[in-house]
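Enquirer: Before I ask anything, let me first share the structure, which is written out below as structure tokens.
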Amino acid sequence: MKAFLAIVHRDLLLVIRRKNEVLASLSFFVIVTSLFPLGIGADPALLRKVAPGVIWVAALLSTMLGLQRMFAADFADGTLEQMVLSPTPLILLVAGKITAHWIVSGLPLVLLAPLMGIQFDLHLGTLGIFMAALLLGTPVLSLIGSIGAALTLGVRGGGVLLSLLILPLYIPALVFGAGAVYANESGMDAGGHLSLLAALLVLAAFFAPWATTAAIRIAVE
Amino acid sequence: MSNRLLNWFKFASPASFYPLAGRMVPWFWALAAVFGAAGLWISLFVAPPDAVQGNGYRIIFVHVPASWMSMFIYLVMAMWAGLGLVFNTRLSAMMAQALAPTGAMMAFLSLWTGAFWGKPMWGAWWVWDARLTSELILLFLYLGFITLQAAIDDPRRADKAGAILALVGVVNVPIIYFSVKWWNTLHQGASVSVNKAPAMAHTMLLGMLLMALCFWMYAAAVAFRRVRAIILEREAHTEWASRLDEVMS
């Protein structure tokens with residue numbers, strides 16, 4: 001547990017020392033969502049209809065941007081190899097890195113989403129559901145994304161490849177996450193979608209660090 | 001006992017599997033041709049027109065076998081990939097690599113014939129329905145697997161990385177298969193299932209099964225042909241490969 005916290009602390013510290021990378025992917029999120037009203041017209045009814053999907057897709061893409069950062073620098077300077085060799089179970093360290101990635105790229109999205117929701121004229125009650133869906137969904141994105149980040153370590157054209165591998169696996173989170181908001185917006189109960197999202201989170205939390213660990217071992221082998 | 005085990009593992013070596021695959025390929029081609037000829041004859045001439053869809057339904061004889069094979073090949077591919085990961089056998093990973101392009105082709109064929117079928121019956125080439133979407137994801141998974149393997153230079157690392165991806169993606173196959181049951185979708189329910197009488201005429205069923213067997217044999221023939229090429233490529237430095245007739249000539 002101490003090692004886990006140490007890794008989280010270290011990764012957060014590294015991010016704070018180089019803020020602009022994180023701020024860039026957050027600005028990306030804000031810019032992409034702001035482009036849609038300009039592209040499709042500012043009709044409030046239409047915006048309210050596309051908002052959940054647009055904001056979720058923007059969240060997927062901005063999470064993707066940060067994924068490569070998760071292991072690449074440590075892989076390049078050999079830190080990752082030392083982590084593999086260390087007596088602490090690698091899976092704990094990986095879980096720490098995933099957590100740090102989520103705190104940096106997932107949590108800010110949860111906090112930014114209401115702002116974007118207001119831009120898209122969503123009802124105030126819906127915003128709460130939106131935040132709940134993102135709170136359950138963004139860790140899933142970080143967890144599944146870590147598998148892709150580990151698989152593409154040191155691979156030619158890693159960035160594009162990463163999106164090709166990971167985006168199809170993000171679809172369930174997108175469907176249920178946006179579905180919860182749509183359900184609430186049209187006056188239905190969002191509980192079912194949120195439960196499925198929570199189930200996804202549990203599954204991903206159980207399996208993803210394990211797969212990521214295996215992928216890292218292959219990469220540093 | 002130990003003798004039998006030895007025999008079983010004998011073909012895990014590329015050197016002994018290469019000639020075996022070479023001997024099997026013509027048989028699979030022949031079976032594919034026989035099943036294909038019989039299946040096409042039954043499906044085009046013997047099977048009666050459908051009560052509702054007329055003759056338009058006949059694309060089912062390509063569509064359903066292609067869909068089945070796209071899912072089945074993914075499962076087989078993931079199985080080989082998993083075996084390769086667990087036992088560290090090179091041949092298993094080569095089999096997985098050889099199956100992927102055929103599987104991707106089947107998934108594409110299934111979507112394409114589905115679009116041809118959907119246009120006259122539903123009035124749309126494509127609908128965002130659970131089964132269609134998950135089949136599309138299956139195609140993406142195949143493409144991701146192929147691209148990942150192609151992007152990594154070290155073949156052993158490519159094998160293992162691809163194996164992990166294949167195993168992660170295997171979750172999607174049951175979702176495709178049961179999507180029609182779980183969600184109330186536009187796509188019709190399964191016409192054939194193990195535990196109830198088929199909801200179609202016997203000749204139609206026979207035609208479809210024959211076509212499925214034809215596709216299956218074709219997939220085996222192509223996969224073995226491809227795995228031979230992969231073996232030659234990777235084992236080019238070995239002595240047994242340099243003594244092969246096709247390499248010497």
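Ligands are numbered from 1 in the order shown, residues from 1 within each chain, and chains are lettered A, B, ... in the order they appear in the structure tokens.
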Compute the set of chain B residues within 7 Å of chain A, using only C-alpha atoms, and express it as an MDAnalysis selection string.
Expert: chainID B and resid 137 140 144 148 151:152 157 160:161 164
Enquirer: Counting only C-alpha atoms, what is within 10 Å of Thr89 in chain B, bar same-chain residues fewer than 4 positions away, as a list of chain:residue names?
Expert: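 The residues satisfying every condition are B:Ala12, B:Ser13, B:Pro14, B:Trp80, B:Ala81, B:Leu83, B:Gly84, B:Leu85, B:Ala93, B:Met94.
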Enquirer: Restricted to C-alpha atoms, what would the selected residues look like written as a PDB file, in the first residue's frame?
Expert:
ATOM      1  CA  ALA B  12       3.953 -28.093 -31.909  1.00  0.00           C
ATOM      2  CA  SER B  13       7.306 -27.720 -33.617  1.00  0.00           C
ATOM      3  CA  PRO B  14       7.209 -25.628 -36.800  1.00  0.00           C
ATOM      4  CA  TRP B  80      -4.216 -20.096 -29.965  1.00  0.00           C
ATOM      5  CA  ALA B  81      -2.995 -16.755 -28.672  1.00  0.00           C
ATOM      6  CA  LEU B  83      -1.977 -21.166 -25.603  1.00  0.00           C
ATOM      7  CA  GLY B  84       1.008 -19.344 -27.039  1.00  0.00           C
ATOM      8  CA  LEU B  85       1.122 -17.078 -24.012  1.00  0.00           C
ATOM      9  CA  ALA B  93       1.163 -17.581 -31.998  1.00  0.00           C
ATOM     10  CA  MET B  94       1.776 -18.171 -35.702  1.00  0.00           C
TER      11      MET B  94
END
Enquirer: Please provide as a PyMOL selection string all residues within 10 Å of range 33-46 of chain B, with the sequence filter that same-chain residues fewer than 5 positions apart are discarded (counting only C-alpha atoms).
Expert: chain B and resi 27-28+55+58-62+203-218
Enquirer: Which of these, B:Trp122, B:Phe224, B:Ala236, B:His202, has the shortest distance to Ala47 in chain B once you count only C-alpha atoms?
Expert: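 Smallest distance to Ala47 in chain B is found for B:His202.
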Enquirer: Just the residues within 8 Å of Phe108 in chain B, please, counting only C-alpha atoms, with nothing from its chain fewer than 4 positions along; format it as a VMD selection string.
Expert: chain B and resid 104 112 139
Enquirer: Residues within 10 Å of range 104-116 of chain A, please, as a PyMOL selection string. Count only C-alpha atoms; anything in the same chain fewer than 4 positions from it doesn't count.
Expert: chain A and resi 11-12+15-16+22-23+25-26+29-30+33-34+51-52+55-56+58-60+62-67+98-100+120-122+124+126-142
Enquirer: Take the residues from that selection and put them in a file with C-alpha atoms, as a PDB file, in the first residue's frame.
Expert:
ATOM      1  CA  ASP A  11       3.458  10.606 -10.747  1.00  0.00           C
ATOM      2  CA  LEU A  12       1.383  13.519  -9.488  1.00  0.00           C
ATOM      3  CA  VAL A  15       2.759  16.143 -13.575  1.00  0.00           C
ATOM      4  CA  ILE A  16       2.775  19.247 -11.372  1.00  0.00           C
ATOM      5  CA  VAL A  22      -2.080  18.097 -18.702  1.00  0.00           C
ATOM      6  CA  LEU A  23      -3.515  21.540 -19.260  1.00  0.00           C
ATOM      7  CA  SER A  25      -5.310  17.832 -22.939  1.00  0.00           C
ATOM      8  CA  LEU A  26      -7.920  19.568 -20.758  1.00  0.00           C
ATOM      9  CA  PHE A  29     -11.532  18.676 -24.160  1.00  0.00           C
ATOM     10  CA  VAL A  30     -13.000  22.152 -23.794  1.00  0.00           C
ATOM     11  CA  THR A  33     -16.867  20.338 -27.107  1.00  0.00           C
ATOM     12  CA  SER A  34     -17.059  24.040 -27.951  1.00  0.00           C
ATOM     13  CA  ALA A  51     -24.649  17.059 -25.554  1.00  0.00           C
ATOM     14  CA  PRO A  52     -24.147  13.716 -23.722  1.00  0.00           C
ATOM     15  CA  ILE A  55     -19.083  15.486 -24.232  1.00  0.00           C
ATOM     16  CA  TRP A  56     -18.467  11.781 -23.739  1.00  0.00           C
ATOM     17  CA  ALA A  58     -14.524  14.477 -26.205  1.00  0.00           C
ATOM     18  CA  ALA A  59     -13.766  12.865 -22.831  1.00  0.00           C
ATOM     19  CA  LEU A  60     -12.653   9.636 -24.560  1.00  0.00           C
ATOM     20  CA  SER A  62      -8.784  13.725 -24.256  1.00  0.00           C
ATOM     21  CA  THR A  63      -8.173  10.663 -22.058  1.00  0.00           C
ATOM     22  CA  MET A  64      -6.498   9.044 -25.059  1.00  0.00           C
ATOM     23  CA  LEU A  65      -4.140  11.992 -25.410  1.00  0.00           C
ATOM     24  CA  GLY A  66      -2.729  11.438 -21.944  1.00  0.00           C
ATOM     25  CA  LEU A  67      -2.467   7.662 -22.187  1.00  0.00           C
ATOM     26  CA  ILE A  98      -3.366   4.149 -13.380  1.00  0.00           C
ATOM     27  CA  THR A  99      -4.764   5.959 -10.345  1.00  0.00           C
ATOM     28  CA  ALA A 100      -2.427   8.892 -10.905  1.00  0.00           C
ATOM     29  CA  PHE A 120     -25.130  22.822 -24.050  1.00  0.00           C
ATOM     30  CA  ASP A 121     -28.195  23.940 -22.073  1.00  0.00           C
ATOM     31  CA  LEU A 122     -28.633  20.721 -20.070  1.00  0.00           C
ATOM     32  CA  LEU A 124     -29.440  21.175 -13.681  1.00  0.00           C
ATOM     33  CA  THR A 126     -29.122  16.109 -15.461  1.00  0.00           C
ATOM     34  CA  LEU A 127     -25.757  17.627 -14.652  1.00  0.00           C
ATOM     35  CA  GLY A 128     -25.621  15.621 -11.419  1.00  0.00           C
ATOM     36  CA  ILE A 129     -26.279  12.381 -13.302  1.00  0.00           C
ATOM     37  CA  PHE A 130     -23.680  13.433 -15.869  1.00  0.00           C
ATOM     38  CA  MET A 131     -21.066  13.869 -13.159  1.00  0.00           C
ATOM     39  CA  ALA A 132     -21.987  10.537 -11.596  1.00  0.00           C
ATOM     40  CA  ALA A 133     -21.677   8.807 -14.981  1.00  0.00           C
ATOM     41  CA  LEU A 134     -18.303  10.418 -15.619  1.00  0.00           C
ATOM     42  CA  LEU A 135     -17.153   9.595 -12.105  1.00  0.00           C
ATOM     43  CA  LEU A 136     -17.887   5.917 -12.784  1.00  0.00           C
ATOM     44  CA  GLY A 137     -16.812   5.988 -16.432  1.00  0.00           C
ATOM     45  CA  THR A 138     -13.508   7.853 -16.497  1.00  0.00           C
ATOM     46  CA  PRO A 139     -11.695   5.314 -14.254  1.00  0.00           C
ATOM     47  CA  VAL A 140     -12.815   2.645 -16.747  1.00  0.00           C
ATOM     48  CA  LEU A 141     -11.184   4.702 -19.503  1.00  0.00           C
ATOM     49  CA  SER A 142      -7.904   4.974 -17.577  1.00  0.00           C
TER      50      SER A 142
END
Enquirer: Pick out the residues sitting within 10 Å of Ala220 in chain B, and hand them over as a PDB file with C-alpha atoms, in the first residue's frame; count only C-alpha atoms, and ignore anything fewer than 6 positions along from it in its own chain.
Expert:
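Here's the written file around-v8.pdb:
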ATOM      1  CA  ALA B  21      -0.025 -28.407 -42.938  1.00  0.00           C
ATOM      2  CA  MET B  24      -3.734 -30.991 -45.157  1.00  0.00           C
ATOM      3  CA  VAL B  25      -4.251 -27.895 -47.310  1.00  0.00           C
ATOM      4  CA  PHE B  28      -9.429 -28.690 -46.938  1.00  0.00           C
ATOM      5  CA  TRP B  29      -9.650 -27.082 -50.377  1.00  0.00           C
ATOM      6  CA  ALA B  32     -14.543 -26.608 -49.245  1.00  0.00           C
ATOM      7  CA  ILE B  73     -12.356 -17.611 -35.927  1.00  0.00           C
ATOM      8  CA  ALA B  98      -2.514 -16.649 -39.694  1.00  0.00           C
ATOM      9  CA  LEU B  99      -6.182 -16.681 -38.682  1.00  0.00           C
ATOM     10  CA  THR B 102      -9.374 -14.492 -42.663  1.00  0.00           C
ATOM     11  CA  CYS B 214     -17.710 -24.732 -46.839  1.00  0.00           C
ATOM     12  CA  ARG B 226      -0.779 -18.724 -44.509  1.00  0.00           C
TER      13      ARG B 226
END
Enquirer: Enter the distance from CA of Leu138 in chain B to CA of Arg225 in chain B, in Å, rounded to one decimal.
Expert: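 Separation between CA of Leu138 in chain B and CA of Arg225 in chain B: 23.6 Å.
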Enquirer: Let me make sure I understand: among A:Arg17, A:Glu81, A:Ile40, A:Thr213, which one has the smallest atom-to-atom distance to Ala149 in chain A if we use only C-alpha atoms?
Expert: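 Ranking A:Arg17, A:Glu81, A:Ile40, A:Thr213 by distance to Ala149 in chain A, first place goes to A:Thr213.
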